[in-house]
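Trainee: So I've got this file, structure.pdb, and it contains PDB, C-alpha atoms:
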ATOM      1  CA  MET A  27       4.868  23.200 -20.938  1.00  0.00           C
ATOM      2  CA  SER A  28       5.732  19.852 -19.355  1.00  0.00           C
ATOM      3  CA  ILE A  29       3.312  16.934 -19.464  1.00  0.00           C
ATOM      4  CA  ARG A  30       2.909  17.225 -15.704  1.00  0.00           C
ATOM      5  CA  ASN A  31       1.970  20.909 -15.911  1.00  0.00           C
ATOM      6  CA  ALA A  32      -0.351  20.252 -18.835  1.00  0.00           C
ATOM      7  CA  LEU A  33      -2.037  17.485 -16.850  1.00  0.00           C
ATOM      8  CA  LEU A  34      -2.472  19.733 -13.828  1.00  0.00           C
ATOM      9  CA  SER A  35      -3.791  22.557 -15.974  1.00  0.00           C
ATOM     10  CA  ALA A  36      -6.253  20.205 -17.616  1.00  0.00           C
ATOM     11  CA  ALA A  37      -7.412  18.956 -14.229  1.00  0.00           C
ATOM     12  CA  LEU A  38      -7.972  22.438 -12.907  1.00  0.00           C
ATOM     13  CA  LEU A  39      -9.682  23.699 -16.045  1.00  0.00           C
ATOM     14  CA  THR A  40     -11.728  20.587 -16.639  1.00  0.00           C
ATOM     15  CA  LEU A  41     -13.501  20.387 -13.314  1.00  0.00           C
ATOM     16  CA  PRO A  42     -14.247  23.867 -12.034  1.00  0.00           C
ATOM     17  CA  ALA A  43     -15.806  22.446  -8.863  1.00  0.00           C
ATOM     18  CA  VAL A  44     -12.286  21.885  -7.532  1.00  0.00           C
ATOM     19  CA  ALA A  45     -11.955  25.552  -6.642  1.00  0.00           C
ATOM     20  CA  LEU A  46     -15.609  26.423  -6.208  1.00  0.00           C
ATOM     21  CA  CYS A  47     -16.674  23.740  -3.784  1.00  0.00           C
ATOM     22  CA  GLN A  48     -13.753  23.628  -1.419  1.00  0.00           C
ATOM     23  CA  THR A  49     -12.519  26.588   0.550  1.00  0.00           C
ATOM     24  CA  PRO A  50      -8.825  26.828   1.321  1.00  0.00           C
ATOM     25  CA  ALA A  51      -7.552  26.403   4.847  1.00  0.00           C
ATOM     26  CA  PRO A  52      -6.829  29.687   6.628  1.00  0.00           C
ATOM     27  CA  SER A  53      -3.232  30.871   6.496  1.00  0.00           C
ATOM     28  CA  ALA A  54      -1.098  30.712   9.617  1.00  0.00           C
ATOM     29  CA  SER A  55      -0.907  34.498   9.783  1.00  0.00           C
ATOM     30  CA  ALA A  56      -4.695  34.808   9.652  1.00  0.00           C
ATOM     31  CA  THR A  57      -5.158  32.410  12.542  1.00  0.00           C
ATOM     32  CA  SER A  58      -2.370  33.695  14.794  1.00  0.00           C
ATOM     33  CA  SER A  59      -2.795  37.450  14.532  1.00  0.00           C
ATOM     34  CA  ALA A  60      -3.984  38.992  17.783  1.00  0.00           C
ATOM     35  CA  THR A  61      -5.571  41.897  15.924  1.00  0.00           C
ATOM     36  CA  ALA A  62      -7.401  39.774  13.377  1.00  0.00           C
ATOM     37  CA  THR A  63     -11.145  39.540  13.648  1.00  0.00           C
ATOM     38  CA  ALA A  64     -12.173  36.085  14.750  1.00  0.00           C
ATOM     39  CA  ALA A  65     -13.928  34.268  11.941  1.00  0.00           C
ATOM     40  CA  PRO A  66     -16.712  31.887  12.809  1.00  0.00           C
ATOM     41  CA  ALA A  67     -15.561  28.312  13.186  1.00  0.00           C
ATOM     42  CA  PRO A  68     -16.175  26.264  10.043  1.00  0.00           C
ATOM     43  CA  THR A  69     -19.025  23.820  10.152  1.00  0.00           C
ATOM     44  CA  VAL A  70     -17.682  20.362  10.828  1.00  0.00           C
ATOM     45  CA  HIS A  71     -19.513  17.506   9.159  1.00  0.00           C
ATOM     46  CA  PRO A  72     -18.663  14.298  11.013  1.00  0.00           C
ATOM     47  CA  ARG A  73     -17.897  11.102   9.196  1.00  0.00           C
ATOM     48  CA  VAL A  74     -20.866   8.822   8.883  1.00  0.00           C
ATOM     49  CA  GLY A  75     -18.783   5.723   8.204  1.00  0.00           C
ATOM     50  CA  ASN A  76     -19.898   4.913   4.659  1.00  0.00           C
ATOM     51  CA  GLU A  77     -17.704   7.435   2.819  1.00  0.00           C
ATOM     52  CA  MET A  78     -15.288   4.763   1.536  1.00  0.00           C
ATOM     53  CA  GLU A  79     -18.140   2.724   0.053  1.00  0.00           C
ATOM     54  CA  LEU A  80     -19.841   5.807  -1.411  1.00  0.00           C
ATOM     55  CA  GLY A  81     -16.568   7.140  -2.832  1.00  0.00           C
ATOM     56  CA  ARG A  82     -15.990   3.850  -4.613  1.00  0.00           C
ATOM     57  CA  GLN A  83     -19.549   3.930  -5.973  1.00  0.00           C
ATOM     58  CA  PHE A  84     -19.218   7.526  -7.179  1.00  0.00           C
ATOM     59  CA  THR A  85     -15.901   6.733  -8.860  1.00  0.00           C
ATOM     60  CA  ALA A  86     -17.466   3.737 -10.607  1.00  0.00           C
ATOM     61  CA  LEU A  87     -20.287   5.991 -11.846  1.00  0.00           C
ATOM     62  CA  LEU A  88     -17.701   8.472 -13.146  1.00  0.00           C
ATOM     63  CA  TYR A  89     -15.680   5.785 -14.920  1.00  0.00           C
ATOM     64  CA  THR A  90     -18.796   4.274 -16.526  1.00  0.00           C
ATOM     65  CA  ALA A  91     -20.167   7.656 -17.664  1.00  0.00           C
ATOM     66  CA  GLN A  92     -23.292   7.517 -15.508  1.00  0.00           C
ATOM     67  CA  PHE A  93     -23.419  11.281 -15.063  1.00  0.00           C
ATOM     68  CA  ASP A  94     -27.189  11.435 -14.499  1.00  0.00           C
ATOM     69  CA  SER A  95     -26.690   9.158 -11.494  1.00  0.00           C
ATOM     70  CA  LEU A  96     -23.816  11.289 -10.201  1.00  0.00           C
ATOM     71  CA  PHE A  97     -25.974  14.407 -10.518  1.00  0.00           C
ATOM     72  CA  ALA A  98     -28.711  12.699  -8.499  1.00  0.00           C
ATOM     73  CA  HIS A  99     -26.219  12.389  -5.604  1.00  0.00           C
ATOM     74  CA  MET A 100     -24.878  15.972  -5.832  1.00  0.00           C
ATOM     75  CA  SER A 101     -25.820  18.944  -3.703  1.00  0.00           C
ATOM     76  CA  GLU A 102     -27.798  21.655  -5.457  1.00  0.00           C
ATOM     77  CA  GLU A 103     -24.778  23.976  -5.291  1.00  0.00           C
ATOM     78  CA  LEU A 104     -22.503  21.440  -6.965  1.00  0.00           C
ATOM     79  CA  ARG A 105     -25.073  20.679  -9.672  1.00  0.00           C
ATOM     80  CA  THR A 106     -25.204  24.413 -10.411  1.00  0.00           C
ATOM     81  CA  ASP A 107     -21.393  24.621 -10.526  1.00  0.00           C
ATOM     82  CA  MET A 108     -21.096  21.594 -12.811  1.00  0.00           C
ATOM     83  CA  GLY A 109     -23.782  22.755 -15.253  1.00  0.00           C
ATOM     84  CA  SER A 110     -25.467  19.586 -16.435  1.00  0.00           C
ATOM     85  CA  PRO A 111     -24.745  15.871 -16.736  1.00  0.00           C
ATOM     86  CA  ASP A 112     -23.856  16.496 -20.399  1.00  0.00           C
ATOM     87  CA  ASP A 113     -21.430  19.275 -19.405  1.00  0.00           C
ATOM     88  CA  MET A 114     -19.793  16.990 -16.857  1.00  0.00           C
ATOM     89  CA  ALA A 115     -19.578  14.197 -19.441  1.00  0.00           C
ATOM     90  CA  ALA A 116     -17.853  16.507 -21.918  1.00  0.00           C
ATOM     91  CA  GLN A 117     -15.383  17.654 -19.255  1.00  0.00           C
ATOM     92  CA  TRP A 118     -14.626  14.095 -18.156  1.00  0.00           C
ATOM     93  CA  ASP A 119     -14.242  12.897 -21.758  1.00  0.00           C
ATOM     94  CA  GLN A 120     -11.730  15.658 -22.447  1.00  0.00           C
ATOM     95  CA  PHE A 121      -9.807  14.956 -19.256  1.00  0.00           C
ATOM     96  CA  SER A 122      -9.828  11.160 -19.559  1.00  0.00           C
ATOM     97  CA  ALA A 123      -8.543  11.444 -23.143  1.00  0.00           C
ATOM     98  CA  GLN A 124      -5.393  12.938 -21.606  1.00  0.00           C
ATOM     99  CA  ILE A 125      -4.882  10.531 -18.709  1.00  0.00           C
ATOM    100  CA  GLY A 126      -6.297   7.300 -20.137  1.00  0.00           C
ATOM    101  CA  GLU A 127      -7.951   4.613 -18.048  1.00  0.00           C
ATOM    102  CA  GLU A 128      -7.271   3.635 -14.462  1.00  0.00           C
ATOM    103  CA  THR A 129      -4.826   0.728 -14.408  1.00  0.00           C
ATOM    104  CA  LYS A 130      -4.185   0.273 -10.695  1.00  0.00           C
ATOM    105  CA  VAL A 131      -5.438   1.685  -7.409  1.00  0.00           C
ATOM    106  CA  VAL A 132      -2.443   2.932  -5.429  1.00  0.00           C
ATOM    107  CA  ASP A 133      -4.272   4.079  -2.298  1.00  0.00           C
ATOM    108  CA  GLU A 134      -7.718   4.847  -0.914  1.00  0.00           C
ATOM    109  CA  MET A 135      -8.555   6.707   2.262  1.00  0.00           C
ATOM    110  CA  VAL A 136     -11.118   8.901   3.932  1.00  0.00           C
ATOM    111  CA  VAL A 137      -9.740  12.117   5.408  1.00  0.00           C
ATOM    112  CA  MET A 138     -11.173  15.269   6.900  1.00  0.00           C
ATOM    113  CA  ARG A 139     -10.495  18.437   4.903  1.00  0.00           C
ATOM    114  CA  ASN A 140     -12.050  21.819   5.632  1.00  0.00           C
ATOM    115  CA  GLY A 141     -14.325  20.155   8.176  1.00  0.00           C
ATOM    116  CA  SER A 142     -15.826  17.654   5.736  1.00  0.00           C
ATOM    117  CA  PRO A 143     -15.083  13.992   5.042  1.00  0.00           C
ATOM    118  CA  GLN A 144     -13.423  13.283   1.713  1.00  0.00           C
ATOM    119  CA  TYR A 145     -12.810  10.008  -0.079  1.00  0.00           C
ATOM    120  CA  TRP A 146      -9.393  10.108  -1.773  1.00  0.00           C
ATOM    121  CA  ARG A 147      -8.583   7.555  -4.477  1.00  0.00           C
ATOM    122  CA  THR A 148      -5.058   7.606  -5.881  1.00  0.00           C
ATOM    123  CA  ALA A 149      -4.528   5.506  -8.985  1.00  0.00           C
ATOM    124  CA  ASP A 150      -2.205   4.930 -11.892  1.00  0.00           C
ATOM    125  CA  PHE A 151      -3.681   5.804 -15.287  1.00  0.00           C
ATOM    126  CA  SER A 152      -2.537   4.445 -18.638  1.00  0.00           C
ATOM    127  CA  MET A 153      -1.388   7.807 -20.043  1.00  0.00           C
ATOM    128  CA  ALA A 154      -0.608   9.853 -16.921  1.00  0.00           C
ATOM    129  CA  PRO A 155       3.028  10.465 -15.999  1.00  0.00           C
ATOM    130  CA  GLU A 156       2.237  10.107 -12.290  1.00  0.00           C
ATOM    131  CA  PRO A 157      -0.635   8.806 -10.139  1.00  0.00           C
ATOM    132  CA  ILE A 158      -3.837  10.857 -10.178  1.00  0.00           C
ATOM    133  CA  MET A 159      -5.954  11.564  -7.100  1.00  0.00           C
ATOM    134  CA  ILE A 160      -9.735  11.746  -7.353  1.00  0.00           C
ATOM    135  CA  ARG A 161     -11.373  13.362  -4.322  1.00  0.00           C
ATOM    136  CA  TRP A 162     -15.060  13.306  -3.402  1.00  0.00           C
ATOM    137  CA  VAL A 163     -16.404  15.558  -0.632  1.00  0.00           C
ATOM    138  CA  ILE A 164     -19.186  13.421   0.864  1.00  0.00           C
ATOM    139  CA  VAL A 165     -21.506  14.886   3.496  1.00  0.00           C
ATOM    140  CA  ASP A 166     -24.487  12.836   4.676  1.00  0.00           C
ATOM    141  CA  GLY A 167     -24.270  10.640   1.577  1.00  0.00           C
ATOM    142  CA  GLN A 168     -24.329  13.620  -0.785  1.00  0.00           C
ATOM    143  CA  ILE A 169     -21.526  14.780  -3.099  1.00  0.00           C
ATOM    144  CA  ARG A 170     -20.595  18.308  -2.053  1.00  0.00           C
ATOM    145  CA  GLY A 171     -17.380  18.633  -4.070  1.00  0.00           C
ATOM    146  CA  ILE A 172     -15.072  16.937  -6.538  1.00  0.00           C
ATOM    147  CA  GLY A 173     -11.343  17.366  -6.957  1.00  0.00           C
ATOM    148  CA  ILE A 174      -8.859  15.806  -9.355  1.00  0.00           C
ATOM    149  CA  ASN A 175      -5.142  16.457  -9.187  1.00  0.00           C
ATOM    150  CA  PRO A 176      -1.756  14.785  -9.553  1.00  0.00           C
ATOM    151  CA  ALA A 177      -1.096  12.828  -6.354  1.00  0.00           C
ATOM    152  CA  SER A 178       2.052  14.866  -5.739  1.00  0.00           C
ATOM    153  CA  GLN A 179      -0.152  17.936  -5.319  1.00  0.00           C
ATOM    154  CA  ALA A 180      -2.576  16.603  -2.740  1.00  0.00           C
ATOM    155  CA  PRO A 181      -4.121  19.416  -0.699  1.00  0.00           C
ATOM    156  CA  PRO A 182      -3.545  19.638   3.063  1.00  0.00           C
ATOM    157  CA  ILE A 183      -5.901  17.784   5.368  1.00  0.00           C
ATOM    158  CA  ASP A 184      -7.317  18.926   8.699  1.00  0.00           C
ATOM    159  CA  PRO A 185      -4.781  18.453  11.517  1.00  0.00           C
ATOM    160  CA  ASP A 186      -7.106  16.458  13.786  1.00  0.00           C
ATOM    161  CA  GLN A 187      -7.883  13.197  12.015  1.00  0.00           C
ATOM    162  CA  ASP A 188      -9.929  10.466  13.722  1.00  0.00           C
TER     163      ASP A 188
END
Written as structure tokens, that's how I'd like the structure from this file.
Mentor:
Amino acid sequence: MSIRNALLSAALLTLPAVALCQTPAPSASATSSATATAAPAPTVHPRVGNEMELGRQFTALLYTAQFDSLFAHMSEELRTDMGSPDDMAAQWDQFSAQIGEETKVVDEMVVMRNGSPQYWRTADFSMAPEPIMIRWVIVDGQIRGIGINPASQAPPIDPDQD
């Protein structure tokens, strides 16, 4: 297994909220079929304007192991998915042992994905073979999802960006 695949596997196994808290975009065939049953439109959560600031704060809490504070900002569903602050700490410790420490921010942005604003922070890490992206789903100041992946595997964003 390559280092890149091992890193991706670790990211996906380490933070289960990646898959649980974010629904995939519908496939093109599901949206264009005339015989398909129309699904209700996803709820769109507009940007409030402070997602960049909050994303930076949440990332700082993650990097400084303030998991109780992160849990205080999480939705009930995400807290359930993550287990406990101690569980999250153990997962982060295991993951960060593989990627090292952040050495340089490559990019930061707020995008819309699946109808919700997300703060995306792409950074170089001391032991990672490529930049890593940390994604926070932030709705009304609350963390509704977390994603971590190699930057080369960024998920698609909603087509209509502000």
Trainee: Do you know which residues the PyMOL selection byres ((chain A and resi 118-125) around 6) returns on this file, as a list in words?
Mentor: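 Applying the expression gives Ala115, Ala116, Gln117, Gly126, Phe151, Met153 and Ala154 of chain A.
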Trainee: Please evaluate the PyMOL selection byres ((chain A and resi 134) around 9) against the displayed coordinates and give the resulting residues as a VMD selection string.
Mentor: chain A and resid 78 131 to 133 135 to 136 145 to 149
Trainee: Counting all atoms listed in the file, what is within 7 Å of A:Asp150, bar same-chain residues fewer than 2 positions away, as a list in words?
Mentor: Glu128, Thr129, Lys130, Val131, Val132, Ser152, Glu156, Pro157 and Ile158 of chain A
Trainee: Report as an MDAnalysis selection string the full result of the PyMOL selection byres ((chain A and resi 99-104) around 12) when it is applied to this structure.
Mentor: chainID A and resid 41:48 80:81 83:84 87 92:98 105:111 114 162:173
Trainee: Interatomic distance between atom CA of A:Met138 and atom CA of A:Tyr89?
Mentor: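 Separation between atom CA of A:Met138 and atom CA of A:Tyr89: 24.2 Å.
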Trainee: I'd like the interatomic distance between atom CA of A:Asp113 and atom CA of A:Leu88, to a tenth of an Å.
Mentor: 13.0 Å
Trainee: Do you have the atom CA of A:Pro181-atom CA of A:Asp112 distance handy?
Mentor: 28.0 Å
Trainee: Find the residue from A:Ala177, A:Ile183, A:Met159, A:Ala86 that sits nearest to A:Pro143; use all atoms listed in the file when measuring.
Mentor: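 Of A:Ala177, A:Ile183, A:Met159, A:Ala86, the one nearest A:Pro143, counting all atoms listed in the file, is A:Ile183.
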Trainee: Using all atoms listed in the file for the distances, tell me which of A:Arg161, A:Arg139, A:Glu79, A:Gln187 is nearest to A:Asn175.
Mentor: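 Using all atoms listed in the file, A:Asn175 sits closest to A:Arg161.
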Trainee: Grab all the atoms of stretch 97-104 of chain A that the file lists, wrap them in a box along x, y and z, add 6 Å per side, and give me centre plus edge lengths in Å (one decimal) as JSON.
Mentor:
{"center_x": -25.6, "center_y": 18.2, "center_z": -7.1, "size_x": 18.2, "size_y": 23.6, "size_z": 18.8}
Trainee: Got a sec to write stretch 76-91 of chain A of the block to a file, N, CA and C atoms, as a PDB file, in the first residue's frame?
Mentor:
ATOM      1  N   ASN A  76     -19.535  34.320   8.907  1.00  0.00           N
ATOM      2  CA  ASN A  76     -18.450  34.135   9.868  1.00  0.00           C
ATOM      3  C   ASN A  76     -17.821  32.744   9.779  1.00  0.00           C
ATOM      4  N   GLU A  77     -18.100  31.999   8.708  1.00  0.00           N
ATOM      5  CA  GLU A  77     -17.601  30.638   8.599  1.00  0.00           C
ATOM      6  C   GLU A  77     -16.077  30.577   8.521  1.00  0.00           C
ATOM      7  N   MET A  78     -15.448  31.537   7.863  1.00  0.00           N
ATOM      8  CA  MET A  78     -13.978  31.548   7.785  1.00  0.00           C
ATOM      9  C   MET A  78     -13.386  31.703   9.188  1.00  0.00           C
ATOM     10  N   GLU A  79     -13.888  32.666   9.932  1.00  0.00           N
ATOM     11  CA  GLU A  79     -13.399  32.895  11.298  1.00  0.00           C
ATOM     12  C   GLU A  79     -13.645  31.672  12.179  1.00  0.00           C
ATOM     13  N   LEU A  80     -14.864  31.116  12.114  1.00  0.00           N
ATOM     14  CA  LEU A  80     -15.180  29.945  12.932  1.00  0.00           C
ATOM     15  C   LEU A  80     -14.342  28.735  12.521  1.00  0.00           C
ATOM     16  N   GLY A  81     -14.152  28.531  11.231  1.00  0.00           N
ATOM     17  CA  GLY A  81     -13.329  27.417  10.765  1.00  0.00           C
ATOM     18  C   GLY A  81     -11.908  27.513  11.289  1.00  0.00           C
ATOM     19  N   ARG A  82     -11.366  28.706  11.285  1.00  0.00           N
ATOM     20  CA  ARG A  82     -10.018  28.903  11.843  1.00  0.00           C
ATOM     21  C   ARG A  82     -10.002  28.596  13.333  1.00  0.00           C
ATOM     22  N   GLN A  83     -11.040  29.045  14.050  1.00  0.00           N
ATOM     23  CA  GLN A  83     -11.117  28.775  15.489  1.00  0.00           C
ATOM     24  C   GLN A  83     -11.236  27.277  15.761  1.00  0.00           C
ATOM     25  N   PHE A  84     -12.092  26.589  15.003  1.00  0.00           N
ATOM     26  CA  PHE A  84     -12.272  25.157  15.220  1.00  0.00           C
ATOM     27  C   PHE A  84     -10.989  24.394  14.911  1.00  0.00           C
ATOM     28  N   THR A  85     -10.278  24.814  13.874  1.00  0.00           N
ATOM     29  CA  THR A  85      -9.009  24.164  13.540  1.00  0.00           C
ATOM     30  C   THR A  85      -7.986  24.385  14.647  1.00  0.00           C
ATOM     31  N   ALA A  86      -7.947  25.592  15.193  1.00  0.00           N
ATOM     32  CA  ALA A  86      -7.029  25.865  16.309  1.00  0.00           C
ATOM     33  C   ALA A  86      -7.378  24.987  17.513  1.00  0.00           C
ATOM     34  N   LEU A  87      -8.659  24.805  17.783  1.00  0.00           N
ATOM     35  CA  LEU A  87      -9.065  23.927  18.892  1.00  0.00           C
ATOM     36  C   LEU A  87      -8.626  22.487  18.626  1.00  0.00           C
ATOM     37  N   LEU A  88      -8.756  22.042  17.388  1.00  0.00           N
ATOM     38  CA  LEU A  88      -8.319  20.692  17.019  1.00  0.00           C
ATOM     39  C   LEU A  88      -6.820  20.540  17.231  1.00  0.00           C
ATOM     40  N   TYR A  89      -6.051  21.493  16.722  1.00  0.00           N
ATOM     41  CA  TYR A  89      -4.593  21.413  16.796  1.00  0.00           C
ATOM     42  C   TYR A  89      -4.076  21.517  18.234  1.00  0.00           C
ATOM     43  N   THR A  90      -4.826  22.156  19.105  1.00  0.00           N
ATOM     44  CA  THR A  90      -4.384  22.322  20.498  1.00  0.00           C
ATOM     45  C   THR A  90      -5.100  21.358  21.442  1.00  0.00           C
ATOM     46  N   ALA A  91      -5.741  20.343  20.866  1.00  0.00           N
ATOM     47  CA  ALA A  91      -6.363  19.254  21.630  1.00  0.00           C
ATOM     48  C   ALA A  91      -7.427  19.733  22.614  1.00  0.00           C
TER      49      ALA A  91
END
